Every structure is written in structure tokens, then in C-alpha cells.
2 protein chains.
Amino acid sequence: MLLYDCEHAPSPRRVRIFAAEKGISLNTVQVDLAQGEQMSDEFRRRNPECTVPVLELEDGTCISEVLAICDYLEQTKLEPQLMGRNAKLRAQVLMWNAKIEQNGLAAVFEFFRNSAKGLRSRALTGPTDFDQIPEIAERGRQRGVLFFKRLDSHLDHRQFVAGESISIADITAFVAVDFAKRAKLDFLECAPNLKRWHSAVAARESAKA
Amino acid sequence: MLLYDCEHAPSPRRVRIFAAEKGISLNTVQVDLAQGEQMSDEFRRRNPECTVPVLELEDGTCISEVLAICDYLEQTKLEPQLMGRNAKLRAQVLMWNAKIEQNGLAAVFEFFRNSAKGLRSRALTGPTDFDQIPEIAERGRQRGVLFFKRLDSHLDHRQFVAGESISIADITAFVAVDFAKRAKLDFLECAPNLKRWHSAVAARESAKA
């Protein structure tokens, strides 16, 4: 298996941390997003949506989208389970992962891609250029703050986002908070539960992946 | 099990079609979104993100988010499998489902929620009001058209979006195309493969759910 990766991008980081928690070592190829390598014909054949990460299997099949890649790793190496060990727990993990993706991580993406100077015509990932819409940046900031406040309440007396051990939901939230910090959004301020949880996840070996 | 539903909303329709394909009959409670019933304290206890669908299990656990609910139904009644019968197929189904959610369905939501007269302060679902941003409506239209063109190419010589039988990916795409039509966006025009595929899915008994 080969992971098409980009070291500083948040989405492939989710896969790298997930693989590290499972003890799966992945060979990686760096895709230079700044140079537009994801737009090349060669890369488009792997993922027409021109995004990383992409996991290329032994038979050449290419899997893109973080959840799909993580699910594949979970199915092919069961332990430690990072997506819930029964139907109910799995549903809770997937629920939280979706909420965090849509309301947390997506909000940070909205802020970052609509305000970064180097991305004026790249407000969305993908094969087509779209101009920034400054109002979306401000909305992203606001809804990110509101969502992570709700997550802070949820984490009161809880060690992990869903269930009794780390899951993909923790990984998604952790990467979102770190990505926000890089974009100069601090969700940990006035969020004591989120801060405690973040320190605990950051102290794991996998956080370096 | 009890499904908190809204008959005319696209997200719960995905769950209803999924359940119908699996032969699972779900008791439903209608949530009146137009009257803001999703904002009530009672509903917030079930889903603080104030969205439908929500599946309430026998023990009172509430699962929101379409993918999480469908995964729960898939785990509790295996056949017919709608999320892929092995790790690789499952990854492909989840990959396509994510692509369609993010680039197809989300684009229609952007268009609809930022242009509908009745939703001026409800440009996003969720507990907080956000004003419409008209530029997002136009961007949603454009990226919807572009994505469904790519899906049209993908469906050339293919009966289903992923694998050899219907999956959650087909259901997501089908609901997105129908929702777009209601919002006066026609993605089937000049998309012969998508049109053929859509007719075949529409002819299934589950499409009435």
C-alpha cells in the first residue's frame, strides 16, 4: 500500500495518525500541493477530485477520502479498533466523526481557504478554481468557535469523544484544533475540557505522525 | 427503534430509502422543521446539532448523521449489503458516498439554503442562525453542475456508482439529484449516463420511501 500524502495538510494527517494508532506503517509519496501537483493528469487518474490523501492498494485500486481509507485500514487490521467494537459504539463514533467533520473541521477550512493570501482563487479544494468569499471566512470562524464550545461541554467528565478509548472521532477533532491553531484560531481558550482532552491526545506517540 | 424524520427533507430521505432497500421497517416521528421543532429543548437532548434524521434506539441512545444511522442498520441486518461486502468494496462505497456528499449534495444545499426566500437567516442547518450569502448560492450551482458531469462520466458503462449492486453511494446521489430538481437545478440535462442511472434508481420500490 502507498499513501499519497502531503506532510503539512490536515486531511492526510488524519490518516497518518490513524495508521500510527493501529501500528500500520505506510509507505508515502509526498504530493506538492503548493506546486499544484494534485492537478497533474497522473494524479487525476488516482483521484479526479484532486485531493490528498489517496491510498493505492497492491492491485492499483485508489481509495480517496479520509473515512474510506481509515475504514479500509480498520477492516484489514482489526486491533486496536478505532471505529467502535460493536454496532452501537460504531454508530456513535461515526456520528461524532461526521459532526466534527461538518461543523468543526469544515468551519476551519472555510476560515482558512477564504482568508489565506496564497489561496485567493483556491477557496475550495478540487479541480476547479473558485474565488475566496471573505464573508465565508468570518462565518467559518464563528461557527467553529460555537461548535468547539459544544464539544467542550460534551467532553466534561469524558476522556474520549466517543466510547472508552481513542477513535477516529478524536483524531478528526485533534487535527481540526491543530489546523485551526495554525490558521490563528484558538479553540482551546475558555474551553477547559477540550484543552485537557487535547493535551492528552497530543501526548500520544501517534500525534507526531 | 424510532426515526425522527421530516418527510420533505433530503437527509432523512436517504435513511428511509436505505431502510427500504434493506427491508427494515422504521417507526417514524415527523419533526416540523418549518415550525422550528428541531430547536426545542426536547429535540436538542436527542441531537444538539438540531438536525434530522435521528435514530433513537431501544435503550434511548440517539444516533444522528445519515452515515452513522445507515451503518448501524447495516451492522444489525447484514443482508442485502448496501455498504460493500468486503474491505475493498466497502472503501470504494464510502469513498463515493463522501465525494457525493461533499461535492454534490453539499453543493445543492449551498444553492438552496442561500437562495430560498424562506431561509434568509437559515443559510446553515444547526442551532445558530446565519444569514444567506448570495455568492455561495451561485458557487453551489456551478460546482454542482461540474461534479455531476464528472459523475456522469463515471457512470458510463456502469449500472451503479460503486460495485455491482445498489449502495449508499447511489442513494446519496439519487437524493441529491432529486433535491436539486426541487431547487430548480437540473443535473440530468446533457448527462445521458446519469439520466439512465437515475431512471433505474427511481424505478425501484425504495424510491417512494
# chains A, B, ... in the order shown; residues from 1 in each chain; ligands from 1

call {"tool": "closest_atom_pairs", "arguments": {"of": "stretch 51-116 of chain A", "to": "stretch 16-24 of chain A", "cutoff": "8 Å", "atoms": "only C-alpha atoms", "output": "CSV"}}
result
residue,atom,partner,partner_atom,distance
A:Cys70,CA,A:Phe18,CA,6.9
A:Leu73,CA,A:Ala19,CA,7.4
A:Lys77,CA,A:Lys22,CA,7.6
A:Glu79,CA,A:Lys22,CA,6.7
A:Pro80,CA,A:Lys22,CA,5.7
A:Gln81,CA,A:Lys22,CA,7.7
A:Leu82,CA,A:Phe18,CA,7.8

call {"tool": "select_by_dssp", "arguments": {"residues": "stretch 20-160 of chain B", "states": "helix (DSSP H, G or I)", "output": "PyMOL selection string"}}
result
chain B and resi 20-22+37-39+41-46+66-76+87-113+117-119+134-154

call {"tool": "closest_atom_pairs", "arguments": {"of": "chain B", "to": "chain A", "cutoff": "7 Å", "atoms": "only C-alpha atoms", "output": "CSV"}}
result
residue,atom,partner,partner_atom,distance
B:Ile63,CA,A:Gln92,CA,6.5
B:Ser64,CA,A:Met95,CA,6.0
B:Glu65,CA,A:Met95,CA,5.5
B:Ala68,CA,A:Ala91,CA,4.7
B:Ile69,CA,A:Ala91,CA,6.5
B:Asp71,CA,A:Ala91,CA,6.5
B:Tyr72,CA,A:Ala87,CA,5.6
B:Gln75,CA,A:Ala87,CA,5.7
B:Thr76,CA,A:Ala87,CA,6.9
B:Ala87,CA,A:Tyr72,CA,5.6
B:Lys88,CA,A:Tyr72,CA,6.7
B:Ala91,CA,A:Ala68,CA,4.7
B:Gln92,CA,A:Ile63,CA,6.5
B:Leu94,CA,A:Ala68,CA,5.0
B:Met95,CA,A:Ala68,CA,5.1
B:Ala98,CA,A:Glu65,CA,6.7

call {"tool": "residues_around", "arguments": {"residues": "stretch 194-202 of chain B", "least_positions_apart": "5", "cutoff": "6 Å", "atoms": "only C-alpha atoms", "output": "PyMOL selection string"}}
result
chain B and resi 152+188+207

call {"tool": "write_last_selection", "arguments": {"atoms": "C-alpha atoms", "output": "mmCIF file, in the first residue's frame"}}
result
data_model
loop_
_atom_site.group_PDB
_atom_site.id
_atom_site.type_symbol
_atom_site.label_atom_id
_atom_site.label_comp_id
_atom_site.auth_asym_id
_atom_site.auth_seq_id
_atom_site.Cartn_x
_atom_site.Cartn_y
_atom_site.Cartn_z
ATOM 1 C CA ASP B 152 -21.951 11.221 -15.465
ATOM 2 C CA LEU B 188 -29.718 15.326 -15.791
ATOM 3 C CA ALA B 207 -37.541 5.422 -4.169
#

call {"tool": "atom_distance", "arguments": {"atom1": "atom CA of B:Ser25", "atom2": "atom CA of B:Gly84"}}
result
21.4 Å

call {"tool": "atom_distance", "arguments": {"atom1": "atom CA of A:Gln132", "atom2": "atom CA of A:Asn114"}}
result
4.7 Å

call {"tool": "atom_distance", "arguments": {"atom1": "atom CA of B:Leu33", "atom2": "atom CA of A:Glu138"}}
result
26.4 Å

call {"tool": "closest_residue", "arguments": {"among": "A:Leu151, A:Val52, A:Ala106, A:Val175", "to": "A:Ser206", "atoms": "only C-alpha atoms"}}
result
A:Val175

call {"tool": "residues_around", "arguments": {"residues": "A:Asp178", "least_positions_apart": "2", "cutoff": "12 Å", "atoms": "only C-alpha atoms", "output": "ChimeraX atom specification"}}
result
/A:8-11,13-14,104-105,108,171-176,180-188,195,198-199,201-202,207

call {"tool": "residues_around", "arguments": {"residues": "B:Arg113", "least_positions_apart": "3", "cutoff": "9 Å", "atoms": "only C-alpha atoms", "output": "list in words"}}
result
Val108, Phe109, Glu110, Ala116, Lys117, Gly118, Leu119, Arg120, Arg122, Ala123, Leu124, Thr125, Gln132 and Ala137 of chain B

call {"tool": "closest_residue", "arguments": {"among": "B:Asn47, B:Leu55, B:Cys6, B:Asp156", "to": "B:Gln35", "atoms": "only C-alpha atoms"}}
result
B:Cys6
